[in-house]
Amino acid sequence: MTTPVTVTVTGAAGMIGYSLLFRTGAGQLLGADTPIRLRLLEVPQAVRVAEGVAMELDDCAFPLLVDVEITDDPKVAFDGANLAVLVGARPRSKGMERSDLLGANGAIFGPQGRAINDRAADDVRVLVVGNPANTNALIAASHAPDVPKERFSAMTRLDHNRAMAQLARHVGVRSSQVRRMSIWGNHSGTQYPDVFHTVVDGRPGAELAGDTQWLTDEFIPTVAQRGAAIIEARGASSQASAADAAISHVRDWFRGTPDGDWTSAGVWSTGHYGVPDGLMCSFPVTSDGKGWTVVDDLEHGEFSRGRIDASIAELVEEREAVRALGLI
Ligand code: NAX
């Protein structure tokens, strides 16, 4: 058996955690040949619930799950971590201003970034799921000066998968027949799901779905508001689909994206497509199993450019806000 990989999951007692941890134990995160040592980080008041989840993990007798440890101390949780999936975050409560939300999350992701810096394994990679995901990832990365910035990414894979499903439904094909979807910008209402470079059942997606009225009136709002639609229908936010997206993100990051395709992830910008340096911005990306590479040769018409710029402007604003709060 190969050496176990240490995977730290925060927010382990939460809803996404409840889906993610069992699929991780079953070998879907890093593959059926990779044993895993799980470290679960929770706030003190949720540790008991995390213990219950760990009891259920035990009861699955997963052959790949070597060990499960539960803690409320980030230094313990990230000790030796090869992969950290940061799910736990402070949700927006009623009447909360955006700066309060950013401040509350800064108080979580700053110290976690520092603990990752000081304690994690040299090869650690970090996926941030907890919202606001892009800016939380920026805060964590900023507190981990010794970890290369490209080892941090923010999850926009759920948006990516939602966009694939909506486009497939519109054209009348299966999601598996859609390739080269792209999510640009922030994981928020300003995100831009881009069909113009897609390939749908071997044909240019722009030909099949380049009707800007459908894009503006249906596709873009449906993808961007899908989380709210799910809350409205289920009375609870996306859980299994979010966990599935995290699994797919990590699998592609560690095992590589399929030939001829790409995925979407929030990554540290280094000037591609005119995005200012040092924003955690979603781009189309490929992976060779070692790290993400931005697909850097796509051209945008006016329709796409305006929407990408609007989402970038929001990311810049969020960065200014966390700077003003002294969080980065
Ligand atoms: P839950 O509220 O069910 O669970 C969150 C868990 O995090 C709780 O158990 C809480 O105790 C824990 N937590 C809070 N602060 C913590 C800390 N400092 N250290 C460790 N654990 C901590 O939320 P859930 O539905 O699981 O969603 C988790 C996060 O994912 C939310 O921020 C949510 O907005 C975000 N999402 C992000 C998505 C994305 O595409 N990036 C999609 C799904 C989801 O909305």
# chains A, B, ... in the order shown; residues from 1 in each chain; ligands from 1
$ residues_near_ligand --ligand "ligand 1" --cutoff "8 Å" --atoms "only C-alpha atoms and all ligand atoms" --output "short mmCIF file (atom, residue, chain, number, x, y, z; two decimals) with all heavy atoms, in the first residue's frame"
data_model
loop_
_atom_site.label_atom_id
_atom_site.label_comp_id
_atom_site.auth_asym_id
_atom_site.auth_seq_id
_atom_site.Cartn_x
_atom_site.Cartn_y
_atom_site.Cartn_z
N THR A 10 -12.25 21.08 6.88
CA THR A 10 -12.83 21.96 7.90
C THR A 10 -14.34 22.01 7.69
O THR A 10 -14.84 21.74 6.60
CB THR A 10 -12.25 23.38 7.83
OG1 THR A 10 -12.80 24.05 6.68
CG2 THR A 10 -10.73 23.37 7.70
N GLY A 11 -15.06 22.34 8.74
CA GLY A 11 -16.52 22.35 8.63
C GLY A 11 -17.06 20.93 8.51
O GLY A 11 -18.08 20.68 7.87
N ALA A 12 -16.36 20.01 9.18
CA ALA A 12 -16.64 18.58 9.01
C ALA A 12 -18.00 18.17 9.54
O ALA A 12 -18.53 17.13 9.14
CB ALA A 12 -15.54 17.77 9.70
N ALA A 13 -18.58 18.98 10.43
CA ALA A 13 -19.89 18.62 10.98
C ALA A 13 -21.02 19.23 10.15
O ALA A 13 -22.19 19.04 10.47
CB ALA A 13 -20.00 19.10 12.42
N GLY A 14 -20.67 19.96 9.10
CA GLY A 14 -21.69 20.65 8.30
C GLY A 14 -22.28 19.78 7.22
O GLY A 14 -21.96 18.59 7.10
N MET A 15 -23.14 20.40 6.43
CA MET A 15 -23.89 19.63 5.43
C MET A 15 -23.01 19.13 4.29
O MET A 15 -23.12 17.98 3.87
CB MET A 15 -25.00 20.52 4.84
CG MET A 15 -26.07 20.87 5.84
SD MET A 15 -27.59 21.31 4.99
CE MET A 15 -27.05 22.66 3.97
N ILE A 16 -22.15 19.99 3.77
CA ILE A 16 -21.28 19.55 2.67
C ILE A 16 -20.33 18.47 3.19
O ILE A 16 -20.10 17.44 2.54
CB ILE A 16 -20.51 20.74 2.05
CG1 ILE A 16 -21.49 21.69 1.38
CG2 ILE A 16 -19.46 20.25 1.06
CD1 ILE A 16 -20.88 22.97 0.83
N GLY A 17 -19.82 18.71 4.41
CA GLY A 17 -18.92 17.73 5.02
C GLY A 17 -19.55 16.35 5.07
O GLY A 17 -18.88 15.33 4.82
N TYR A 18 -20.83 16.31 5.36
CA TYR A 18 -21.51 15.02 5.54
C TYR A 18 -21.53 14.20 4.25
O TYR A 18 -21.57 12.98 4.27
CB TYR A 18 -22.93 15.25 6.07
CG TYR A 18 -23.53 13.98 6.65
CD1 TYR A 18 -22.97 13.39 7.78
CD2 TYR A 18 -24.63 13.38 6.06
CE1 TYR A 18 -23.50 12.23 8.30
CE2 TYR A 18 -25.17 12.21 6.58
CZ TYR A 18 -24.59 11.64 7.71
OH TYR A 18 -25.11 10.48 8.22
N LEU A 41 -11.54 19.37 11.19
CA LEU A 41 -11.49 20.59 12.03
C LEU A 41 -12.90 21.15 12.18
O LEU A 41 -13.61 21.33 11.18
CB LEU A 41 -10.58 21.64 11.38
CG LEU A 41 -10.47 22.97 12.14
CD1 LEU A 41 -9.76 22.79 13.48
CD2 LEU A 41 -9.74 24.02 11.30
N GLU A 42 -13.28 21.41 13.41
CA GLU A 42 -14.57 22.03 13.67
C GLU A 42 -14.42 23.09 14.77
O GLU A 42 -13.41 23.13 15.46
CB GLU A 42 -15.62 20.99 14.10
CG GLU A 42 -16.61 20.60 13.00
CD GLU A 42 -17.48 21.77 12.49
OE1 GLU A 42 -17.49 22.84 13.12
OE2 GLU A 42 -18.14 21.60 11.46
N VAL A 43 -15.44 23.91 14.92
CA VAL A 43 -15.48 24.82 16.06
C VAL A 43 -15.82 23.97 17.29
O VAL A 43 -16.45 22.91 17.16
CB VAL A 43 -16.52 25.95 15.85
CG1 VAL A 43 -16.09 26.86 14.70
CG2 VAL A 43 -17.91 25.38 15.56
N GLN A 45 -18.03 23.96 19.57
CA GLN A 45 -19.43 23.56 19.81
C GLN A 45 -19.93 22.51 18.81
O GLN A 45 -21.00 21.93 19.02
CB GLN A 45 -20.37 24.78 19.87
CG GLN A 45 -20.40 25.67 18.66
CD GLN A 45 -19.30 26.75 18.64
OE1 GLN A 45 -18.23 26.56 19.21
NE2 GLN A 45 -19.55 27.85 17.96
N ALA A 46 -19.17 22.26 17.74
CA ALA A 46 -19.61 21.25 16.76
C ALA A 46 -18.72 20.01 16.77
O ALA A 46 -18.91 19.11 15.95
CB ALA A 46 -19.64 21.87 15.36
N ASP A 72 -10.42 20.90 17.35
CA ASP A 72 -10.88 22.28 17.13
C ASP A 72 -9.67 23.22 17.04
O ASP A 72 -9.82 24.43 17.08
CB ASP A 72 -11.83 22.72 18.26
CG ASP A 72 -11.18 22.67 19.64
OD1 ASP A 72 -9.96 22.42 19.72
OD2 ASP A 72 -11.89 22.89 20.62
N PRO A 74 -6.66 24.51 14.72
CA PRO A 74 -6.11 24.50 13.35
C PRO A 74 -4.67 23.98 13.28
O PRO A 74 -4.31 23.32 12.31
CB PRO A 74 -6.18 25.96 12.91
CG PRO A 74 -7.22 26.59 13.77
CD PRO A 74 -7.21 25.83 15.08
N LEU A 86 -11.14 23.50 2.68
CA LEU A 86 -11.66 24.45 3.67
C LEU A 86 -13.13 24.73 3.36
O LEU A 86 -13.46 25.55 2.50
CB LEU A 86 -10.84 25.75 3.65
CG LEU A 86 -9.31 25.59 3.75
CD1 LEU A 86 -8.64 26.95 3.89
CD2 LEU A 86 -8.90 24.68 4.88
N VAL A 87 -13.97 24.01 4.07
CA VAL A 87 -15.42 24.10 3.83
C VAL A 87 -16.08 25.01 4.87
O VAL A 87 -16.98 25.78 4.56
CB VAL A 87 -16.06 22.69 3.87
CG1 VAL A 87 -17.56 22.78 3.60
CG2 VAL A 87 -15.40 21.75 2.86
N GLY A 88 -15.63 24.92 6.11
CA GLY A 88 -16.25 25.68 7.19
C GLY A 88 -16.06 27.17 7.00
O GLY A 88 -14.95 27.64 6.73
N ALA A 89 -17.14 27.92 7.12
CA ALA A 89 -17.07 29.38 6.95
C ALA A 89 -18.21 29.99 7.74
O ALA A 89 -19.09 29.29 8.23
CB ALA A 89 -17.18 29.74 5.47
N ARG A 90 -18.17 31.31 7.85
CA ARG A 90 -19.23 32.01 8.57
C ARG A 90 -20.27 32.44 7.55
O ARG A 90 -19.98 33.22 6.66
CB ARG A 90 -18.60 33.22 9.27
CG ARG A 90 -19.55 34.14 9.94
CD ARG A 90 -20.09 33.50 11.24
NE ARG A 90 -20.59 34.55 12.13
CZ ARG A 90 -21.78 35.12 11.99
NH1 ARG A 90 -22.58 34.76 11.03
NH2 ARG A 90 -22.16 36.06 12.84
N PRO A 91 -21.50 31.91 7.65
CA PRO A 91 -22.52 32.32 6.69
C PRO A 91 -23.02 33.73 6.98
O PRO A 91 -22.87 34.23 8.10
CB PRO A 91 -23.64 31.31 6.90
CG PRO A 91 -23.45 30.79 8.27
CD PRO A 91 -22.00 30.97 8.64
N ALA A 107 -11.42 36.26 10.06
CA ALA A 107 -11.00 35.73 11.36
C ALA A 107 -10.87 34.21 11.32
O ALA A 107 -10.24 33.61 12.19
CB ALA A 107 -12.01 36.15 12.43
N ILE A 108 -11.49 33.58 10.34
CA ILE A 108 -11.35 32.12 10.18
C ILE A 108 -10.19 31.79 9.23
O ILE A 108 -9.31 30.99 9.54
CB ILE A 108 -12.67 31.52 9.61
CG1 ILE A 108 -13.80 31.70 10.62
CG2 ILE A 108 -12.48 30.05 9.23
CD1 ILE A 108 -15.18 31.30 10.11
N PHE A 109 -10.20 32.42 8.05
CA PHE A 109 -9.26 32.01 7.00
C PHE A 109 -7.85 32.56 7.19
O PHE A 109 -6.90 31.96 6.69
CB PHE A 109 -9.85 32.34 5.62
CG PHE A 109 -10.99 31.42 5.28
CD1 PHE A 109 -12.29 31.69 5.70
CD2 PHE A 109 -10.76 30.23 4.61
CE1 PHE A 109 -13.34 30.81 5.44
CE2 PHE A 109 -11.79 29.34 4.35
CZ PHE A 109 -13.08 29.63 4.76
N GLN A 112 -6.30 30.08 9.70
CA GLN A 112 -6.13 28.78 9.04
C GLN A 112 -4.99 28.83 8.02
O GLN A 112 -4.20 27.89 7.90
CB GLN A 112 -7.45 28.34 8.38
CG GLN A 112 -8.49 27.95 9.45
CD GLN A 112 -9.77 27.37 8.88
OE1 GLN A 112 -9.93 27.23 7.66
NE2 GLN A 112 -10.70 27.03 9.75
N VAL A 128 -10.51 26.02 -1.31
CA VAL A 128 -11.45 26.77 -0.47
C VAL A 128 -12.85 26.66 -1.07
O VAL A 128 -13.07 27.04 -2.23
CB VAL A 128 -11.02 28.25 -0.34
CG1 VAL A 128 -12.05 29.02 0.47
CG2 VAL A 128 -9.65 28.33 0.33
N VAL A 129 -13.76 26.14 -0.26
CA VAL A 129 -15.16 25.99 -0.66
C VAL A 129 -16.02 27.03 0.04
O VAL A 129 -16.94 27.60 -0.54
CB VAL A 129 -15.66 24.56 -0.31
CG1 VAL A 129 -17.15 24.41 -0.61
CG2 VAL A 129 -14.86 23.50 -1.06
N GLY A 130 -15.71 27.30 1.32
CA GLY A 130 -16.53 28.19 2.14
C GLY A 130 -16.59 29.60 1.56
O GLY A 130 -15.57 30.15 1.15
N ASN A 131 -17.76 30.16 1.57
CA ASN A 131 -17.98 31.48 0.94
C ASN A 131 -17.68 32.64 1.86
O ASN A 131 -17.84 32.52 3.07
CB ASN A 131 -19.44 31.57 0.48
CG ASN A 131 -19.63 30.83 -0.83
OD1 ASN A 131 -18.78 30.90 -1.70
ND2 ASN A 131 -20.75 30.12 -0.95
N PRO A 132 -17.34 33.80 1.29
CA PRO A 132 -17.07 34.06 -0.13
C PRO A 132 -15.75 33.40 -0.57
O PRO A 132 -14.68 33.85 -0.17
CB PRO A 132 -16.99 35.58 -0.21
CG PRO A 132 -16.64 36.03 1.19
CD PRO A 132 -17.17 35.00 2.13
N ALA A 133 -15.88 32.32 -1.38
CA ALA A 133 -14.76 31.40 -1.59
C ALA A 133 -13.52 32.08 -2.16
O ALA A 133 -12.40 31.84 -1.69
CB ALA A 133 -15.21 30.25 -2.50
N ALA A 154 -9.91 28.25 -5.33
CA ALA A 154 -11.27 28.46 -4.82
C ALA A 154 -12.23 27.70 -5.72
O ALA A 154 -12.03 27.62 -6.94
CB ALA A 154 -11.60 29.95 -4.82
N MET A 155 -13.29 27.17 -5.13
CA MET A 155 -14.16 26.29 -5.91
C MET A 155 -15.20 27.04 -6.74
O MET A 155 -16.07 27.71 -6.21
CB MET A 155 -14.88 25.32 -4.98
CG MET A 155 -15.60 24.23 -5.77
SD MET A 155 -16.20 22.91 -4.72
CE MET A 155 -17.88 23.46 -4.43
N THR A 156 -15.07 26.91 -8.05
CA THR A 156 -16.14 27.33 -8.96
C THR A 156 -16.61 26.14 -9.80
O THR A 156 -17.31 26.31 -10.79
CB THR A 156 -15.70 28.50 -9.88
OG1 THR A 156 -14.52 28.12 -10.59
CG2 THR A 156 -15.45 29.77 -9.09
N ARG A 157 -16.24 24.95 -9.37
CA ARG A 157 -16.59 23.75 -10.13
C ARG A 157 -18.10 23.47 -10.10
O ARG A 157 -18.66 22.94 -11.07
CB ARG A 157 -15.83 22.55 -9.56
CG ARG A 157 -16.08 21.24 -10.28
CD ARG A 157 -15.68 21.33 -11.77
NE ARG A 157 -15.80 20.06 -12.44
CZ ARG A 157 -14.78 19.21 -12.66
NH1 ARG A 157 -13.56 19.53 -12.27
NH2 ARG A 157 -14.96 18.08 -13.29
N LEU A 158 -18.75 23.86 -9.02
CA LEU A 158 -20.20 23.64 -8.99
C LEU A 158 -20.87 24.53 -10.05
O LEU A 158 -21.77 24.09 -10.77
CB LEU A 158 -20.75 23.93 -7.59
CG LEU A 158 -22.25 23.71 -7.39
CD1 LEU A 158 -22.68 22.30 -7.80
CD2 LEU A 158 -22.64 23.97 -5.94
N ASP A 159 -20.41 25.76 -10.16
CA ASP A 159 -20.95 26.66 -11.20
C ASP A 159 -20.67 26.06 -12.59
O ASP A 159 -21.52 26.10 -13.48
CB ASP A 159 -20.29 28.04 -11.09
CG ASP A 159 -20.38 28.59 -9.68
OD1 ASP A 159 -21.50 28.71 -9.16
OD2 ASP A 159 -19.33 28.87 -9.08
N HIS A 187 -17.10 33.54 -7.60
CA HIS A 187 -18.19 32.60 -7.29
C HIS A 187 -19.28 33.41 -6.59
O HIS A 187 -19.35 33.48 -5.36
CB HIS A 187 -17.69 31.47 -6.39
CG HIS A 187 -18.82 30.67 -5.80
ND1 HIS A 187 -19.64 29.87 -6.56
CD2 HIS A 187 -19.29 30.56 -4.53
CE1 HIS A 187 -20.56 29.31 -5.80
NE2 HIS A 187 -20.37 29.73 -4.56
N GLY A 227 -28.02 28.31 -6.83
CA GLY A 227 -27.94 28.03 -5.39
C GLY A 227 -29.21 28.50 -4.68
O GLY A 227 -29.78 27.78 -3.85
N ALA A 236 -32.93 24.01 1.99
CA ALA A 236 -31.54 23.87 2.45
C ALA A 236 -30.64 24.07 1.24
O ALA A 236 -31.06 23.86 0.10
CB ALA A 236 -31.31 22.47 3.03
N SER A 237 -29.39 24.49 1.51
CA SER A 237 -28.53 24.83 0.38
C SER A 237 -27.92 23.58 -0.26
O SER A 237 -28.03 22.48 0.28
CB SER A 237 -27.44 25.81 0.83
OG SER A 237 -26.66 25.20 1.80
N SER A 238 -27.30 23.78 -1.40
CA SER A 238 -26.69 22.67 -2.15
C SER A 238 -25.70 21.94 -1.26
O SER A 238 -24.81 22.56 -0.68
CB SER A 238 -25.91 23.21 -3.35
OG SER A 238 -26.60 24.24 -3.97
N GLN A 239 -25.84 20.65 -1.20
CA GLN A 239 -25.00 19.87 -0.30
C GLN A 239 -24.28 18.77 -1.10
O GLN A 239 -23.07 18.81 -1.27
CB GLN A 239 -25.91 19.28 0.77
CG GLN A 239 -25.30 18.23 1.63
CD GLN A 239 -26.35 17.62 2.59
OE1 GLN A 239 -27.45 18.13 2.77
NE2 GLN A 239 -25.99 16.51 3.18
N SER A 241 -24.37 18.20 -4.32
CA SER A 241 -23.76 18.68 -5.57
C SER A 241 -22.50 19.49 -5.27
O SER A 241 -21.53 19.46 -6.04
CB SER A 241 -24.75 19.52 -6.39
OG SER A 241 -25.27 20.58 -5.61
N ALA A 242 -22.50 20.20 -4.14
CA ALA A 242 -21.30 20.96 -3.76
C ALA A 242 -20.17 19.99 -3.39
O ALA A 242 -19.01 20.18 -3.78
CB ALA A 242 -21.61 21.89 -2.59
N ALA A 243 -20.51 18.94 -2.65
CA ALA A 243 -19.49 17.94 -2.29
C ALA A 243 -18.97 17.26 -3.56
O ALA A 243 -17.77 17.02 -3.71
CB ALA A 243 -20.08 16.90 -1.33
N ALA A 245 -18.80 18.55 -6.50
CA ALA A 245 -17.94 19.49 -7.21
C ALA A 245 -16.55 19.54 -6.56
O ALA A 245 -15.52 19.60 -7.26
CB ALA A 245 -18.57 20.88 -7.21
#
$ closest_atom_pairs --of "segment 78-144 of chain A" --to "segment 285-302 of chain A" --cutoff "12 Å" --atoms "only C-alpha atoms" --output "tab-separated table"
residue	atom	partner	partner_atom	distance
A:Asp123	CA	A:Lys290	CA	10.0
A:Val124	CA	A:Lys290	CA	11.3
A:Arg125	CA	A:Gly291	CA	9.1
A:Val126	CA	A:Gly291	CA	11.4
$ residues_around --residues "Ala206 of chain A" --least-positions-apart "6" --cutoff "7 Å" --atoms "only C-alpha atoms" --output "ChimeraX atom specification"
/A:195-198
$ residues_around --residues "Ile70 of chain A" --least-positions-apart "4" --cutoff "8 Å" --atoms "only C-alpha atoms" --output "PyMOL selection string"
chain A and resi 39-42+47+50-51+77
$ select_by_dssp --residues "segment 185-259 of chain A" --states "alpha helix (DSSP H)" --output "VMD selection string"
chain A and resid 205 to 209 212 to 214 220 to 224 226 to 234 240 to 255
$ select_by_dssp --residues "segment 52-176 of chain A" --states "strand (DSSP E or B)" --output "PyMOL selection string"
chain A and resi 65-71+83-86+125-128+152-154
$ write_last_selection --atoms "all heavy atoms" --output "short mmCIF file (atom, residue, chain, number, x, y, z; two decimals), in the first residue's frame"
data_model
loop_
_atom_site.label_atom_id
_atom_site.label_comp_id
_atom_site.auth_asym_id
_atom_site.auth_seq_id
_atom_site.Cartn_x
_atom_site.Cartn_y
_atom_site.Cartn_z
N LEU A 65 -9.45 4.14 4.42
CA LEU A 65 -9.42 5.15 5.48
C LEU A 65 -8.58 4.62 6.65
O LEU A 65 -9.01 3.76 7.42
CB LEU A 65 -10.85 5.46 5.92
CG LEU A 65 -11.05 6.77 6.66
CD1 LEU A 65 -10.43 7.95 5.92
CD2 LEU A 65 -12.55 7.01 6.86
N VAL A 66 -7.38 5.20 6.77
CA VAL A 66 -6.42 4.69 7.74
C VAL A 66 -6.72 5.20 9.15
O VAL A 66 -6.53 4.50 10.14
CB VAL A 66 -5.00 5.14 7.30
CG1 VAL A 66 -3.95 4.74 8.31
CG2 VAL A 66 -4.68 4.61 5.93
N ASP A 67 -7.19 6.47 9.22
CA ASP A 67 -7.31 7.10 10.52
C ASP A 67 -8.20 8.34 10.40
O ASP A 67 -8.20 9.00 9.36
CB ASP A 67 -5.89 7.52 10.95
CG ASP A 67 -5.85 8.13 12.33
OD1 ASP A 67 -6.59 7.64 13.19
OD2 ASP A 67 -5.09 9.09 12.53
N VAL A 68 -8.95 8.65 11.46
CA VAL A 68 -9.75 9.89 11.49
C VAL A 68 -9.46 10.58 12.82
O VAL A 68 -9.63 9.98 13.88
CB VAL A 68 -11.27 9.61 11.39
CG1 VAL A 68 -12.05 10.93 11.36
CG2 VAL A 68 -11.60 8.76 10.17
N GLU A 69 -9.05 11.84 12.74
CA GLU A 69 -8.77 12.59 13.97
C GLU A 69 -9.63 13.85 13.96
O GLU A 69 -9.76 14.50 12.91
CB GLU A 69 -7.28 12.97 13.99
CG GLU A 69 -6.81 13.52 15.31
CD GLU A 69 -5.32 13.89 15.29
OE1 GLU A 69 -4.59 13.39 14.41
OE2 GLU A 69 -4.91 14.68 16.14
N ILE A 70 -10.17 14.20 15.11
CA ILE A 70 -11.06 15.37 15.19
C ILE A 70 -10.45 16.38 16.14
O ILE A 70 -9.99 16.01 17.22
CB ILE A 70 -12.45 14.95 15.72
CG1 ILE A 70 -13.05 13.89 14.81
CG2 ILE A 70 -13.40 16.15 15.82
CD1 ILE A 70 -13.86 12.89 15.55
N THR A 71 -10.48 17.63 15.73
CA THR A 71 -9.89 18.66 16.60
C THR A 71 -10.58 20.00 16.36
O THR A 71 -11.19 20.21 15.31
CB THR A 71 -8.37 18.79 16.33
OG1 THR A 71 -7.83 19.84 17.14
CG2 THR A 71 -8.07 19.10 14.88
N LEU A 83 -3.37 17.81 1.69
CA LEU A 83 -4.51 18.46 1.03
C LEU A 83 -5.41 19.02 2.12
O LEU A 83 -5.71 18.32 3.09
CB LEU A 83 -5.29 17.41 0.21
CG LEU A 83 -6.67 17.85 -0.30
CD1 LEU A 83 -6.56 18.99 -1.31
CD2 LEU A 83 -7.40 16.66 -0.94
N ALA A 84 -5.81 20.28 1.95
CA ALA A 84 -6.74 20.88 2.90
C ALA A 84 -7.97 21.35 2.12
O ALA A 84 -7.83 22.06 1.13
CB ALA A 84 -6.08 22.07 3.60
N VAL A 85 -9.12 20.90 2.56
CA VAL A 85 -10.38 21.33 1.92
C VAL A 85 -11.11 22.19 2.95
O VAL A 85 -11.60 21.69 3.96
CB VAL A 85 -11.23 20.12 1.49
CG1 VAL A 85 -12.45 20.59 0.72
CG2 VAL A 85 -10.41 19.16 0.62
N LEU A 86 -11.14 23.50 2.68
CA LEU A 86 -11.66 24.45 3.67
C LEU A 86 -13.13 24.73 3.36
O LEU A 86 -13.46 25.55 2.50
CB LEU A 86 -10.84 25.75 3.65
CG LEU A 86 -9.31 25.59 3.75
CD1 LEU A 86 -8.64 26.95 3.89
CD2 LEU A 86 -8.90 24.68 4.88
N ARG A 125 -1.76 21.29 -0.87
CA ARG A 125 -2.64 22.04 -1.77
C ARG A 125 -3.92 22.34 -1.01
O ARG A 125 -4.37 21.52 -0.20
CB ARG A 125 -2.99 21.23 -3.02
CG ARG A 125 -1.77 20.87 -3.84
CD ARG A 125 -2.19 20.27 -5.17
NE ARG A 125 -1.22 19.28 -5.58
CZ ARG A 125 -1.31 18.61 -6.73
NH1 ARG A 125 -2.33 18.82 -7.56
NH2 ARG A 125 -0.40 17.72 -7.07
N VAL A 126 -4.50 23.50 -1.29
CA VAL A 126 -5.64 23.97 -0.50
C VAL A 126 -6.79 24.33 -1.43
O VAL A 126 -6.62 25.13 -2.36
CB VAL A 126 -5.24 25.23 0.31
CG1 VAL A 126 -6.39 25.68 1.19
CG2 VAL A 126 -3.97 24.99 1.12
N LEU A 127 -7.94 23.72 -1.17
CA LEU A 127 -9.16 24.09 -1.90
C LEU A 127 -10.08 24.82 -0.93
O LEU A 127 -10.41 24.28 0.13
CB LEU A 127 -9.87 22.83 -2.42
CG LEU A 127 -11.32 23.04 -2.88
CD1 LEU A 127 -11.41 24.04 -4.03
CD2 LEU A 127 -11.97 21.72 -3.28
N VAL A 128 -10.51 26.02 -1.31
CA VAL A 128 -11.45 26.77 -0.47
C VAL A 128 -12.85 26.66 -1.07
O VAL A 128 -13.07 27.04 -2.23
CB VAL A 128 -11.02 28.25 -0.34
CG1 VAL A 128 -12.05 29.02 0.47
CG2 VAL A 128 -9.65 28.33 0.33
N PHE A 152 -3.13 27.27 -3.86
CA PHE A 152 -4.46 27.60 -3.35
C PHE A 152 -5.44 27.70 -4.51
O PHE A 152 -5.11 28.28 -5.55
CB PHE A 152 -4.44 28.95 -2.61
CG PHE A 152 -3.78 28.89 -1.27
CD1 PHE A 152 -2.39 28.93 -1.17
CD2 PHE A 152 -4.53 28.76 -0.11
CE1 PHE A 152 -1.77 28.86 0.07
CE2 PHE A 152 -3.92 28.69 1.13
CZ PHE A 152 -2.53 28.74 1.22
N SER A 153 -6.62 27.16 -4.34
CA SER A 153 -7.66 27.44 -5.34
C SER A 153 -9.02 27.53 -4.67
O SER A 153 -9.23 27.01 -3.58
CB SER A 153 -7.64 26.43 -6.50
OG SER A 153 -7.70 25.11 -6.06
N ALA A 154 -9.91 28.25 -5.33
CA ALA A 154 -11.27 28.46 -4.82
C ALA A 154 -12.23 27.70 -5.72
O ALA A 154 -12.03 27.62 -6.94
CB ALA A 154 -11.60 29.95 -4.82
#
$ closest_residue --among "A:Lys94, A:His143, A:Arg255, A:Arg319" --to "Leu30 of chain A" --atoms "only C-alpha atoms"
A:Arg255
$ atom_distance --atom1 "atom CA of Asp201 of chain A" --atom2 "atom CA of Asn161 of chain A"
16.3 Å
$ residues_around --residues "Gln225 of chain A" --least-positions-apart "3" --cutoff "12 Å" --atoms "only C-alpha atoms" --output "ChimeraX atom specification"
/A:159,162-163,187-193,218-222,228-232,237-238
$ write_last_selection --atoms "C-alpha atoms" --output "mmCIF file, in the first residue's frame"
data_model
loop_
_atom_site.group_PDB
_atom_site.id
_atom_site.type_symbol
_atom_site.label_atom_id
_atom_site.label_comp_id
_atom_site.auth_asym_id
_atom_site.auth_seq_id
_atom_site.Cartn_x
_atom_site.Cartn_y
_atom_site.Cartn_z
ATOM 1 C CA ASP A 159 -20.950 26.657 -11.197
ATOM 2 C CA ARG A 162 -24.342 23.695 -13.394
ATOM 3 C CA ALA A 163 -23.488 25.543 -16.605
ATOM 4 C CA HIS A 187 -18.190 32.602 -7.290
ATOM 5 C CA SER A 188 -21.117 34.991 -6.857
ATOM 6 C CA GLY A 189 -23.999 36.465 -8.794
ATOM 7 C CA THR A 190 -21.530 38.269 -11.085
ATOM 8 C CA GLN A 191 -19.824 35.065 -12.292
ATOM 9 C CA TYR A 192 -19.744 34.633 -16.056
ATOM 10 C CA PRO A 193 -20.488 31.168 -17.429
ATOM 11 C CA GLU A 218 -32.061 32.373 -19.099
ATOM 12 C CA PHE A 219 -28.685 30.698 -19.108
ATOM 13 C CA ILE A 220 -26.553 33.169 -17.139
ATOM 14 C CA PRO A 221 -29.172 33.969 -14.457
ATOM 15 C CA THR A 222 -30.134 30.295 -14.073
ATOM 16 C CA ALA A 228 -30.892 30.243 -4.407
ATOM 17 C CA ALA A 229 -33.289 28.097 -6.487
ATOM 18 C CA ILE A 230 -32.095 24.999 -4.633
ATOM 19 C CA ILE A 231 -32.559 26.659 -1.256
ATOM 20 C CA GLU A 232 -36.059 27.666 -2.323
ATOM 21 C CA SER A 237 -28.527 24.831 0.376
ATOM 22 C CA SER A 238 -26.688 22.670 -2.153
#
$ residues_around --residues "Ile139 of chain A" --least-positions-apart "5" --cutoff "10 Å" --atoms "only C-alpha atoms" --output "ChimeraX atom specification"
/A:102,105-114,133-134,144,280,319,322-323,327-328
$ atom_distance --atom1 "atom CA of Asn82 of chain A" --atom2 "atom CA of Ser269 of chain A"
22.8 Å
$ residues_around --residues "Thr34 of chain A" --least-positions-apart "3" --cutoff "10 Å" --atoms "only C-alpha atoms" --output "list in words"
Met1, Thr2, Thr3, Pro4, Val5, Gly27, Gln28, Leu29, Leu30, Gly31, Arg37, Leu64 and Leu65 of chain A
$ write_last_selection --atoms "C-alpha atoms" --output "mmCIF file, in the first residue's frame"
data_model
loop_
_atom_site.group_PDB
_atom_site.id
_atom_site.type_symbol
_atom_site.label_atom_id
_atom_site.label_comp_id
_atom_site.auth_asym_id
_atom_site.auth_seq_id
_atom_site.Cartn_x
_atom_site.Cartn_y
_atom_site.Cartn_z
ATOM 1 C CA MET A 1 0.000 0.000 0.000
ATOM 2 C CA THR A 2 1.298 3.502 -0.803
ATOM 3 C CA THR A 3 1.903 6.064 1.951
ATOM 4 C CA PRO A 4 -1.356 7.569 3.216
ATOM 5 C CA VAL A 5 -2.200 11.117 2.141
ATOM 6 C CA GLY A 27 -11.800 6.582 -2.430
ATOM 7 C CA GLN A 28 -13.486 8.992 -4.809
ATOM 8 C CA LEU A 29 -11.393 12.028 -3.860
ATOM 9 C CA LEU A 30 -7.881 10.789 -4.596
ATOM 10 C CA GLY A 31 -8.568 7.462 -6.240
ATOM 11 C CA ARG A 37 -5.630 9.889 6.912
ATOM 12 C CA LEU A 64 -8.663 3.176 2.332
ATOM 13 C CA LEU A 65 -9.418 5.146 5.484
#
